[in-house]
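The data block below is structure06.pdb; it holds PDB, C-alpha atoms (C1' of nucleotides).
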ATOM      1  CA  MET A   1      -9.493  57.522  16.453
ATOM      2  CA  ALA A   2      -7.601  54.479  15.432
ATOM      3  CA  VAL A   3      -9.530  51.286  15.807
ATOM      4  CA  MET A   4      -7.800  48.043  16.635
ATOM      5  CA  ASP A   5      -9.621  45.797  14.292
ATOM      6  CA  GLY A   6      -7.018  43.127  13.902
ATOM      7  CA  ASN A   7      -7.308  41.379  10.588
ATOM      8  CA  GLN A   8     -10.915  42.180   9.967
ATOM      9  CA  ASP A   9     -11.376  43.807   6.611
ATOM     10  CA  THR A  10     -14.654  45.587   6.337
ATOM     11  CA  ALA A  11     -15.846  44.796   2.851
ATOM     12  CA  GLY A  12     -16.594  47.897   0.865
ATOM     13  CA  ALA A  13     -15.496  50.260   3.577
ATOM     14  CA  VAL A  14     -13.067  52.990   2.671
ATOM     15  CA  ALA A  15     -10.554  53.638   5.422
ATOM     16  CA  SER A  16     -10.269  57.279   6.326
ATOM     17  CA  TRP A  17      -6.732  57.072   7.586
ATOM     18  CA  ALA A  18      -3.936  55.036   6.163
ATOM     19  CA  VAL A  19      -2.925  53.838   9.603
ATOM     20  CA  ASP A  20      -6.245  52.094   9.975
ATOM     21  CA  GLU A  21      -5.656  49.969   6.932
ATOM     22  CA  ARG A  22      -2.831  48.134   8.573
ATOM     23  CA  PRO A  23      -3.436  45.656  11.350
ATOM     24  CA  PHE A  24      -1.942  46.563  14.703
ATOM     25  CA  ALA A  25       0.016  43.308  14.785
ATOM     26  CA  ASP A  26       1.696  44.039  11.456
ATOM     27  CA  ASP A  27       3.302  47.190  12.786
ATOM     28  CA  VAL A  28       4.521  45.395  15.878
ATOM     29  CA  LEU A  29       5.751  42.403  13.883
ATOM     30  CA  GLU A  30       7.745  44.592  11.541
ATOM     31  CA  TRP A  31       9.374  46.293  14.498
ATOM     32  CA  TYR A  32       9.997  42.933  16.155
ATOM     33  CA  GLY A  33      11.795  41.693  13.064
ATOM     34  CA  LEU A  34      14.226  44.558  13.416
ATOM     35  CA  VAL A  35      14.960  44.644  17.133
ATOM     36  CA  ALA A  36      13.983  41.311  18.686
ATOM     37  CA  ARG A  37      16.526  40.017  21.171
ATOM     38  CA  ASP A  38      18.175  36.726  20.342
ATOM     39  CA  LEU A  39      17.121  34.880  23.492
ATOM     40  CA  PRO A  40      18.118  31.205  23.625
ATOM     41  CA  TRP A  41      14.621  29.954  24.460
ATOM     42  CA  ARG A  42      13.345  31.610  21.296
ATOM     43  CA  ARG A  43      15.551  29.436  19.137
ATOM     44  CA  PRO A  44      13.922  26.332  17.664
ATOM     45  CA  GLU A  45      16.459  24.029  19.295
ATOM     46  CA  ALA A  46      15.250  25.105  22.740
ATOM     47  CA  GLY A  47      12.252  22.826  22.306
ATOM     48  CA  PRO A  48       9.137  22.725  24.489
ATOM     49  CA  TRP A  49      11.111  21.857  27.610
ATOM     50  CA  GLY A  50      13.424  24.813  27.121
ATOM     51  CA  VAL A  51      10.438  27.067  26.612
ATOM     52  CA  LEU A  52       8.624  25.751  29.664
ATOM     53  CA  VAL A  53      11.669  26.146  31.896
ATOM     54  CA  SER A  54      12.245  29.673  30.614
ATOM     55  CA  GLU A  55       8.661  30.707  31.257
ATOM     56  CA  VAL A  56       8.726  29.501  34.843
ATOM     57  CA  MET A  57      12.089  31.153  35.497
ATOM     58  CA  LEU A  58      10.889  34.398  33.944
ATOM     59  CA  GLN A  59       7.924  34.696  36.288
ATOM     60  CA  GLN A  60       8.598  37.962  38.111
ATOM     61  CA  THR A  61      12.260  37.696  37.209
ATOM     62  CA  PRO A  62      14.283  39.789  34.722
ATOM     63  CA  VAL A  63      15.702  38.170  31.588
ATOM     64  CA  ASN A  64      19.314  38.946  32.401
ATOM     65  CA  ARG A  65      19.212  37.066  35.654
ATOM     66  CA  VAL A  66      17.491  34.069  34.076
ATOM     67  CA  LEU A  67      19.915  33.570  31.196
ATOM     68  CA  PRO A  68      22.840  31.844  32.994
ATOM     69  CA  VAL A  69      20.591  29.700  35.176
ATOM     70  CA  TRP A  70      18.550  28.571  32.180
ATOM     71  CA  GLU A  71      21.711  27.544  30.335
ATOM     72  CA  ALA A  72      23.000  25.519  33.278
ATOM     73  CA  TRP A  73      19.586  23.980  33.902
ATOM     74  CA  LEU A  74      19.123  22.801  30.320
ATOM     75  CA  ALA A  75      22.670  21.483  30.186
ATOM     76  CA  ARG A  76      22.118  19.378  33.279
ATOM     77  CA  TRP A  77      18.517  18.370  32.647
ATOM     78  CA  PRO A  78      17.836  18.220  28.894
ATOM     79  CA  GLY A  79      14.303  16.968  29.506
ATOM     80  CA  PRO A  80      11.690  16.514  32.223
ATOM     81  CA  ALA A  81      12.644  12.890  32.828
ATOM     82  CA  ALA A  82      16.188  13.842  33.755
ATOM     83  CA  LEU A  83      14.957  16.397  36.264
ATOM     84  CA  ALA A  84      12.301  14.127  37.725
ATOM     85  CA  ALA A  85      14.928  11.456  38.331
ATOM     86  CA  GLU A  86      16.748  13.685  40.822
ATOM     87  CA  PRO A  87      15.754  14.875  44.294
ATOM     88  CA  ALA A  88      13.730  18.075  44.510
ATOM     89  CA  GLY A  89      16.512  19.616  46.554
ATOM     90  CA  GLU A  90      18.780  19.545  43.541
ATOM     91  CA  ALA A  91      16.300  21.692  41.644
ATOM     92  CA  VAL A  92      16.186  24.140  44.542
ATOM     93  CA  ARG A  93      19.978  24.266  44.651
ATOM     94  CA  MET A  94      20.313  24.766  40.899
ATOM     95  CA  TRP A  95      17.706  27.519  41.105
ATOM     96  CA  GLY A  96      20.287  29.586  42.915
ATOM     97  CA  ARG A  97      19.264  33.133  43.699
ATOM     98  CA  LEU A  98      16.553  33.514  41.095
ATOM     99  CA  GLY A  99      14.021  34.119  43.835
ATOM    100  CA  TYR A 100      10.658  32.550  44.661
ATOM    101  CA  PRO A 101      12.268  29.107  45.111
ATOM    102  CA  ARG A 102       8.880  27.416  45.321
ATOM    103  CA  ARG A 103       8.986  27.731  41.542
ATOM    104  CA  ALA A 104      11.901  25.287  41.496
ATOM    105  CA  LEU A 105       9.926  22.846  43.591
ATOM    106  CA  ARG A 106       6.896  23.121  41.334
ATOM    107  CA  LEU A 107       9.001  22.776  38.212
ATOM    108  CA  HIS A 108      10.363  19.559  39.645
ATOM    109  CA  GLN A 109       6.805  18.417  40.395
ATOM    110  CA  ALA A 110       5.708  19.412  36.909
ATOM    111  CA  ALA A 111       8.527  17.341  35.426
ATOM    112  CA  ALA A 112       7.356  14.324  37.405
ATOM    113  CA  ALA A 113       3.764  14.885  36.274
ATOM    114  CA  ILE A 114       4.871  15.178  32.651
ATOM    115  CA  VAL A 115       6.655  11.847  32.930
ATOM    116  CA  GLU A 116       3.709  10.183  34.642
ATOM    117  CA  ARG A 117       0.824  11.594  32.660
ATOM    118  CA  HIS A 118       2.405  12.294  29.300
ATOM    119  CA  GLY A 119       5.222   9.809  28.939
ATOM    120  CA  GLY A 120       7.845  12.511  29.316
ATOM    121  CA  ALA A 121       6.607  14.716  26.479
ATOM    122  CA  ILE A 122       5.475  18.276  27.197
ATOM    123  CA  PRO A 123       1.710  18.370  26.558
ATOM    124  CA  ASP A 124       0.554  20.761  23.856
ATOM    125  CA  ARG A 125      -3.014  21.338  25.066
ATOM    126  CA  LEU A 126      -3.929  24.249  27.337
ATOM    127  CA  ASP A 127      -5.917  22.014  29.723
ATOM    128  CA  ASP A 128      -3.030  19.630  30.214
ATOM    129  CA  LEU A 129      -0.538  22.430  30.671
ATOM    130  CA  LEU A 130      -2.774  24.208  33.179
ATOM    131  CA  ALA A 131      -3.049  21.036  35.220
ATOM    132  CA  LEU A 132       0.708  21.050  35.868
ATOM    133  CA  PRO A 133       2.041  22.455  39.161
ATOM    134  CA  GLY A 134       3.227  26.043  38.865
ATOM    135  CA  ILE A 135       1.640  26.528  35.453
ATOM    136  CA  GLY A 136      -1.105  29.151  35.460
ATOM    137  CA  THR A 137      -3.028  30.987  32.773
ATOM    138  CA  TYR A 138      -0.098  32.963  31.487
ATOM    139  CA  THR A 139       2.480  30.174  31.407
ATOM    140  CA  ALA A 140       0.152  27.603  29.850
ATOM    141  CA  ARG A 141      -0.639  29.975  26.995
ATOM    142  CA  ALA A 142       2.967  31.014  26.603
ATOM    143  CA  VAL A 143       4.108  27.406  26.233
ATOM    144  CA  ALA A 144       1.311  26.544  23.820
ATOM    145  CA  ALA A 145       2.117  29.588  21.700
ATOM    146  CA  PHE A 146       5.914  29.707  21.827
ATOM    147  CA  ALA A 147       6.710  26.006  21.944
ATOM    148  CA  PHE A 148       3.872  24.631  19.844
ATOM    149  CA  ARG A 149       3.154  27.699  17.699
ATOM    150  CA  GLN A 150      -0.523  27.800  18.539
ATOM    151  CA  ARG A 151      -2.766  30.840  18.348
ATOM    152  CA  HIS A 152      -3.529  31.945  21.910
ATOM    153  CA  ALA A 153      -3.654  35.325  23.557
ATOM    154  CA  VAL A 154      -0.616  35.492  25.839
ATOM    155  CA  VAL A 155      -1.110  38.254  28.364
ATOM    156  CA  ASP A 156       1.564  39.073  30.888
ATOM    157  CA  VAL A 157       2.202  42.347  32.671
ATOM    158  CA  ASN A 158       3.902  43.754  29.570
ATOM    159  CA  VAL A 159       1.023  42.986  27.235
ATOM    160  CA  ARG A 160      -1.472  44.126  29.841
ATOM    161  CA  ARG A 161       0.248  47.488  29.998
ATOM    162  CA  LEU A 162       0.561  47.716  26.221
ATOM    163  CA  VAL A 163      -3.153  47.090  25.786
ATOM    164  CA  ALA A 164      -4.071  49.488  28.570
ATOM    165  CA  ARG A 165      -2.187  52.247  26.816
ATOM    166  CA  ALA A 166      -2.492  51.577  23.109
ATOM    167  CA  VAL A 167      -6.085  50.348  23.122
ATOM    168  CA  GLU A 168      -7.708  51.704  26.260
ATOM    169  CA  GLY A 169      -5.800  54.955  26.568
ATOM    170  CA  ALA A 170      -5.001  54.414  30.224
ATOM    171  CA  ALA A 171      -1.624  54.755  31.869
ATOM    172  CA  GLU A 172      -1.964  51.304  33.372
ATOM    173  CA  GLY A 173      -4.500  48.566  33.600
ATOM    174  CA  PRO A 174      -5.915  46.656  36.538
ATOM    175  CA  ALA A 175      -3.447  44.516  38.432
ATOM    176  CA  ALA A 176      -5.036  41.245  37.355
ATOM    177  CA  VAL A 177      -5.438  40.002  33.807
ATOM    178  CA  SER A 178      -9.112  39.557  33.002
ATOM    179  CA  ARG A 179     -10.949  37.431  30.489
ATOM    180  CA  ARG A 180     -11.686  40.655  28.654
ATOM    181  CA  ASP A 181      -7.973  41.305  28.279
ATOM    182  CA  LEU A 182      -7.561  37.895  26.699
ATOM    183  CA  ALA A 183     -10.366  38.637  24.256
ATOM    184  CA  THR A 184      -8.937  42.046  23.409
ATOM    185  CA  VAL A 185      -5.523  40.608  22.697
ATOM    186  CA  GLU A 186      -6.913  37.713  20.714
ATOM    187  CA  ASN A 187      -8.644  40.204  18.442
ATOM    188  CA  LEU A 188      -5.248  41.720  17.738
ATOM    189  CA  LEU A 189      -3.722  38.388  16.709
ATOM    190  CA  PRO A 190      -3.310  37.464  13.053
ATOM    191  CA  ALA A 191      -5.355  34.459  11.907
ATOM    192  CA  ASP A 192      -2.408  32.279  10.948
ATOM    193  CA  PRO A 193      -1.185  30.372  14.050
ATOM    194  CA  GLU A 194       2.538  30.697  13.359
ATOM    195  CA  THR A 195       2.212  34.417  12.739
ATOM    196  CA  ALA A 196       0.013  34.770  15.787
ATOM    197  CA  ALA A 197       2.603  33.042  17.963
ATOM    198  CA  ARG A 198       5.248  35.385  16.629
ATOM    199  CA  ALA A 199       2.950  38.338  17.277
ATOM    200  CA  SER A 200       2.466  37.227  20.880
ATOM    201  CA  ALA A 201       6.218  37.313  21.387
ATOM    202  CA  ALA A 202       6.341  40.662  19.607
ATOM    203  CA  PHE A 203       3.708  42.191  21.901
ATOM    204  CA  MET A 204       5.629  41.082  24.952
ATOM    205  CA  GLU A 205       8.869  42.398  23.495
ATOM    206  CA  LEU A 206       7.279  45.770  22.807
ATOM    207  CA  GLY A 207       6.045  45.975  26.382
ATOM    208  CA  ALA A 208       9.425  44.909  27.730
ATOM    209  CA  LEU A 209      11.621  47.192  25.624
ATOM    210  CA  VAL A 210       9.523  50.217  24.617
ATOM    211  CA  CYS A 211       6.185  50.411  26.384
ATOM    212  CA  VAL A 212       7.865  50.047  29.760
ATOM    213  CA  ALA A 213       6.267  50.951  33.061
ATOM    214  CA  ARG A 214       8.231  53.946  34.240
ATOM    215  CA  ALA A 215       9.400  55.987  31.272
ATOM    216  CA  PRO A 216       8.015  54.575  28.009
ATOM    217  CA  ARG A 217      10.149  55.228  24.946
ATOM    218  CA  CYS A 218       7.288  56.343  22.752
ATOM    219  CA  ALA A 219       9.568  57.949  20.168
ATOM    220  CA  GLY A 220      10.695  54.495  19.111
ATOM    221  CA  CYS A 221       7.289  52.851  19.268
ATOM    222  CA  PRO A 222       5.912  51.261  16.097
ATOM    223  CA  VAL A 223       2.305  52.037  17.089
ATOM    224  CA  ARG A 224       2.785  55.557  18.423
ATOM    225  CA  GLU A 225       0.574  57.038  15.713
ATOM    226  CA  ARG A 226      -2.407  55.099  16.928
ATOM    227  CA  CYS A 227      -1.713  54.710  20.616
ATOM    228  CA  ALA A 228      -4.827  55.858  22.461
ATOM    229  CA  TRP A 229      -2.830  56.873  25.521
ATOM    230  CA  LEU A 230      -0.348  58.949  23.526
ATOM    231  CA  LEU A 231      -3.142  60.538  21.489
ATOM    232  CA  ALA A 232      -4.874  61.469  24.737
ATOM    233  CA  GLY A 233      -1.776  63.317  25.884
ATOM    234  CA  SER A 234      -0.275  60.568  28.037
ATOM    235  CA  PRO A 235      -2.543  61.122  31.037
ATOM    236  CA  PRO A 236      -1.179  59.894  34.376
ATOM    237  CA  SER A 237      -2.611  56.900  36.159
ATOM    238  CA  ASP A 238      -5.937  57.579  37.833
ATOM    239  CA  GLY A 239      -6.150  54.340  39.787
ATOM    240  CA  PRO A 240      -5.201  53.838  43.424
ATOM    241  CA  ALA A 241      -1.499  53.680  44.113
ATOM    242  CA  ARG A 242      -0.073  50.235  44.568
ATOM    243  CA  ARG A 243       0.917  49.206  48.054
ATOM    244  CA  PRO A 244       4.630  49.286  48.613
ATOM    245  CA  GLN A 245       6.226  45.887  48.328
ATOM    246  CA  GLY A 246       8.665  46.070  51.188
ATOM    247  CA  TYR A 247      11.257  43.416  51.853
ATOM    248  CA  ALA A 248      13.675  44.311  54.599
ATOM    249  CA  GLY A 249      12.605  42.730  57.839
ATOM    250  CA  THR A 250       9.909  40.549  56.297
ATOM    251  CA  ASP A 251       9.509  36.810  56.614
ATOM    252  CA  ARG A 252      10.483  36.604  52.984
ATOM    253  CA  GLN A 253      13.886  38.009  53.722
ATOM    254  CA  VAL A 254      14.365  35.608  56.607
ATOM    255  CA  ARG A 255      13.265  32.647  54.501
ATOM    256  CA  GLY A 256      15.685  33.748  51.828
ATOM    257  CA  ARG A 257      18.583  33.807  54.242
ATOM    258  CA  LEU A 258      17.719  30.447  55.776
ATOM    259  CA  LEU A 259      17.361  28.797  52.399
ATOM    260  CA  ALA A 260      20.643  30.313  51.219
ATOM    261  CA  VAL A 261      22.406  28.469  54.050
ATOM    262  CA  LEU A 262      20.830  25.147  53.072
ATOM    263  CA  ARG A 263      21.488  25.737  49.394
ATOM    264  CA  ASP A 264      25.142  26.554  49.857
ATOM    265  CA  ALA A 265      25.768  23.552  52.088
ATOM    266  CA  ASP A 266      26.596  20.127  50.662
ATOM    267  CA  GLY A 267      24.342  18.319  53.093
ATOM    268  CA  PRO A 268      22.469  18.816  56.364
ATOM    269  CA  VAL A 269      23.375  21.753  58.567
ATOM    270  CA  ASP A 270      23.097  22.329  62.301
ATOM    271  CA  ALA A 271      20.364  24.587  63.587
ATOM    272  CA  ALA A 272      23.032  26.858  65.005
ATOM    273  CA  LEU A 273      24.051  27.754  61.473
ATOM    274  CA  LEU A 274      20.502  28.768  60.692
ATOM    275  CA  ASP A 275      20.117  30.659  63.944
ATOM    276  CA  ALA A 276      23.059  32.815  62.945
ATOM    277  CA  VAL A 277      21.264  34.441  60.021
ATOM    278  CA  TRP A 278      18.515  36.171  62.050
ATOM    279  CA  ASP A 279      18.481  37.443  65.601
ATOM    280  CA  GLU A 280      14.785  37.489  66.349
ATOM    281  CA  PRO A 281      13.881  33.889  67.322
ATOM    282  CA  VAL A 282      10.110  34.068  66.896
ATOM    283  CA  GLN A 283      10.279  35.336  63.342
ATOM    284  CA  ARG A 284      13.168  33.019  62.549
ATOM    285  CA  ASP A 285      11.253  29.966  63.741
ATOM    286  CA  ARG A 286       8.174  31.044  61.848
ATOM    287  CA  ALA A 287      10.209  31.416  58.665
ATOM    288  CA  LEU A 288      11.851  28.013  59.094
ATOM    289  CA  ARG A 289       8.487  26.412  59.776
ATOM    290  CA  GLY A 290       7.232  28.023  56.595
ATOM    291  CA  LEU A 291      10.065  26.495  54.587
ATOM    292  CA  LEU A 292       9.317  23.077  56.092
ATOM    293  CA  ASP A 293       5.599  23.444  55.368
ATOM    294  CA  ASP A 294       6.349  24.390  51.777
ATOM    295  CA  GLY A 295       8.648  21.413  51.341
ATOM    296  CA  LEU A 296      11.635  23.623  50.622
ATOM    297  CA  ALA A 297      13.458  22.228  53.646
ATOM    298  CA  VAL A 298      13.310  19.044  55.699
ATOM    299  CA  ALA A 299      14.314  18.144  59.237
ATOM    300  CA  VAL A 300      16.733  15.228  59.104
ATOM    301  CA  GLY A 301      17.590  14.709  62.739
ATOM    302  CA  PRO A 302      17.825  16.500  66.072
ATOM    303  CA  GLY A 303      18.565  20.113  65.166
ATOM    304  CA  ARG A 304      19.591  19.202  61.612
ATOM    305  CA  TYR A 305      18.046  20.541  58.421
ATOM    306  CA  ALA A 306      18.602  20.057  54.690
ATOM    307  CA  LEU A 307      17.131  20.568  51.272
ATOM    308  CA  PRO A 308      14.444  17.991  50.440
ATOM    309  CA  GLY A 309      15.428  14.586  49.121
ATOM    310  CA  ASP A 310      19.097  15.125  49.686
ATOM    311  CA  VAL A 311      20.724  11.683  49.736
ATOM    312  CA  THR A 312      23.092  12.733  52.463
ATOM    313  CA  ALA A 313      20.126  13.928  54.450
ATOM    314  CA  SER A 314      18.301  10.626  54.392
ATOM    315  CA  LEU A 315      21.403   8.779  55.512
ATOM    316  CA  SER A 316      22.139  11.010  58.437
ATOM    317  CA  VAL A 317      18.994  10.650  60.513
TER     318      VAL A 317
ATOM    319  C1'  DA B   1      -9.977  39.328  46.422
ATOM    320  C1'  DA B   2      -6.138  40.095  48.955
ATOM    321  C1'  DC B   3      -2.099  38.429  50.392
ATOM    322  C1'  DC B   4       2.025  35.711  50.394
ATOM    323  C1'  DC B   5       6.054  34.185  48.075
ATOM    324  C1'  DG B   6      12.873  36.360  46.711
ATOM    325  C1'  DT B   7      16.168  38.929  44.674
ATOM    326  C1'  DG B   8      18.729  42.472  42.580
ATOM    327  C1'  DG B   9      18.970  46.292  39.170
ATOM    328  C1'  DT B  10      17.781  51.079  38.230
ATOM    329  C1'  DA B  11      16.665  56.092  38.745
TER     330       DA B  11
ATOM    331  C1'  DT C   1      18.894  56.153  49.563
ATOM    332  C1'  DT C   2      14.343  54.786  49.085
ATOM    333  C1'  DA C   3      11.094  53.208  45.891
ATOM    334  C1'  DC C   4       9.833  51.016  42.011
ATOM    335  C1'  DC C   5       9.819  47.160  39.218
ATOM    336  C1'  DA C   6      10.510  42.487  36.929
ATOM    337  C1'  DA C   7       7.620  36.895  30.986
ATOM    338  C1'  DG C   8       2.915  34.939  37.930
ATOM    339  C1'  DG C   9       0.978  31.223  40.736
ATOM    340  C1'  DG C  10      -1.335  29.428  44.757
ATOM    341  C1'  DT C  11      -4.412  29.924  48.424
TER     342       DT C  11
END

How would this structure read if it were set down as structure tokens?
Amino acid sequence: MAVMDGNQDTAGAVASWAVDERPFADDVLEWYGLVARDLPWRRPEAGPWGVLVSEVMLQQTPVNRVLPVWEAWLARWPGPAALAAEPAGEAVRMWGRLGYPRRALRLHQAAAAIVERHGGAIPDRLDDLLALPGIGTYTARAVAAFAFRQRHAVVDVNVRRLVARAVEGAAEGPAAVSRRDLATVENLLPADPETAARASAAFMELGALVCVARAPRCAGCPVRERCAWLLAGSPPSDGPARRPQGYAGTDRQVRGRLLAVLRDADGPVDAALLDAVWDEPVQRDRALRGLLDDGLAVAVGPGRYALPGDVTASLSV
DNA sequence: AACCCGTGGTA
DNA sequence: TTACCAAGGGT
């Protein structure tokens, strides 16, 4: 069975199979060189800010939907200082329909923290990145690797699935990324930091384009000859089925509709406008209260609501 | 640990 | 059409 031994060369050992002589990452890197998408945040001119913004936007959100928003965002706010200088509501408005708008709020907060703590420069240490609002394990490592070309295991859902299949021989891994996953992936990374950073992007690309969740395109996979899952006959998942996500009729849908009204308005809106988007008053009020609690909306007067920090809003109380 | 948080494309 | 899924984070 193929062993994923990264760059380790066992002195004196004679490999039994040719495939074992080549590091896993080399096969993926070669493939990546041929098919990698030309995404704007992968270009050097994107800079750390461009990378950070892309990573936050890409959380649970497909690349194609992120592209136009990222372009507009970077054009308007070329750095964290420019974003921090504007009201949070502007970030929420620019976020558009990307979903999970709390990310916009946290990105605005992160920009402010970067200005305050780091003089406006994106920090390059994992600790400092992790301390920023909305930046978790994945995003901190992604920024350190892709923006600063450091050697860190970067494990998202794509890499998690790739490892589950290619290394562990399972159809899918646990929902959460574990410390063990990070160690496994780090063992696959080349020693040279720049090459490791490129390999991290390559792993994610492989998971996103070939080793996809539903119908993996194994015929075009650069590691098919040593994929443990494929060699085991592509066994189906044995874990418990995931709970259905559901959306219609949930508070999330109501929040989405309420926020869409605020986002599309120039300034404060009357409560009647919000009432019109959902019939059931108890759920509607709960959703609005949730938006207020989260700081995604503010009350600016009797029966008037707006996005946070809106200049018009503060004048109209 | 389990649950909450949006939105739209695809089969 | 329903169901699945998408570069997670916070609590």

At most 6 Å to chain A: residues in chain C, all atoms listed in the file, as a list in words: DA6, DA7, DG8 and DG9 of chain C

My list of candidates is A:Asp294, A:Ala166, A:Ala219, A:Leu188. Which is closest to DG10 (chain C) when distances are computed with only C-alpha atoms (C1' of nucleotides)? A:Asp294

Using CA of Gly169 (chain A) and CA of Leu29 (chain A) as the two end points, give the distance in Å to one decimal. 21.3 Å

Would you kindly translate the PyMOL selection byres ((chain C and resi 11) around 12) into the concrete residues it picks from this file, as an NGL selection string? (:B and (1-5)) or (:C and (9-10))

Residues of chain A within 9 Å of chain B, using all atoms listed in the file, as a ChimeraX atom specification? /A:61,65,97-102,247,252-253,255-256

Near-Glu186 (chain A) list (10 Å; all atoms listed in the file; drop same-chain fewer than 2 positions) as a CSV table (one decimal) with C-alpha atoms, keeping the file's coordinate frame:
chain,number,residue,atom,x,y,z
A,6,GLY,CA,-7.0,43.1,13.9
A,151,ARG,CA,-2.8,30.8,18.3
A,152,HIS,CA,-3.5,31.9,21.9
A,153,ALA,CA,-3.7,35.3,23.6
A,154,VAL,CA,-0.6,35.5,25.8
A,155,VAL,CA,-1.1,38.3,28.4
A,180,ARG,CA,-11.7,40.7,28.7
A,181,ASP,CA,-8.0,41.3,28.3
A,182,LEU,CA,-7.6,37.9,26.7
A,183,ALA,CA,-10.4,38.6,24.3
A,184,THR,CA,-8.9,42.0,23.4
A,188,LEU,CA,-5.2,41.7,17.7
A,189,LEU,CA,-3.7,38.4,16.7
A,190,PRO,CA,-3.3,37.5,13.1
A,191,ALA,CA,-5.4,34.5,11.9
A,196,ALA,CA,0.0,34.8,15.8
A,200,SER,CA,2.5,37.2,20.9

Atom pair CA of His108 (chain A) / CA of Gly79 (chain A): separation (Å):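 About the pair CA of His108 (chain A) and CA of Gly79 (chain A): they are 11.2 Å apart.
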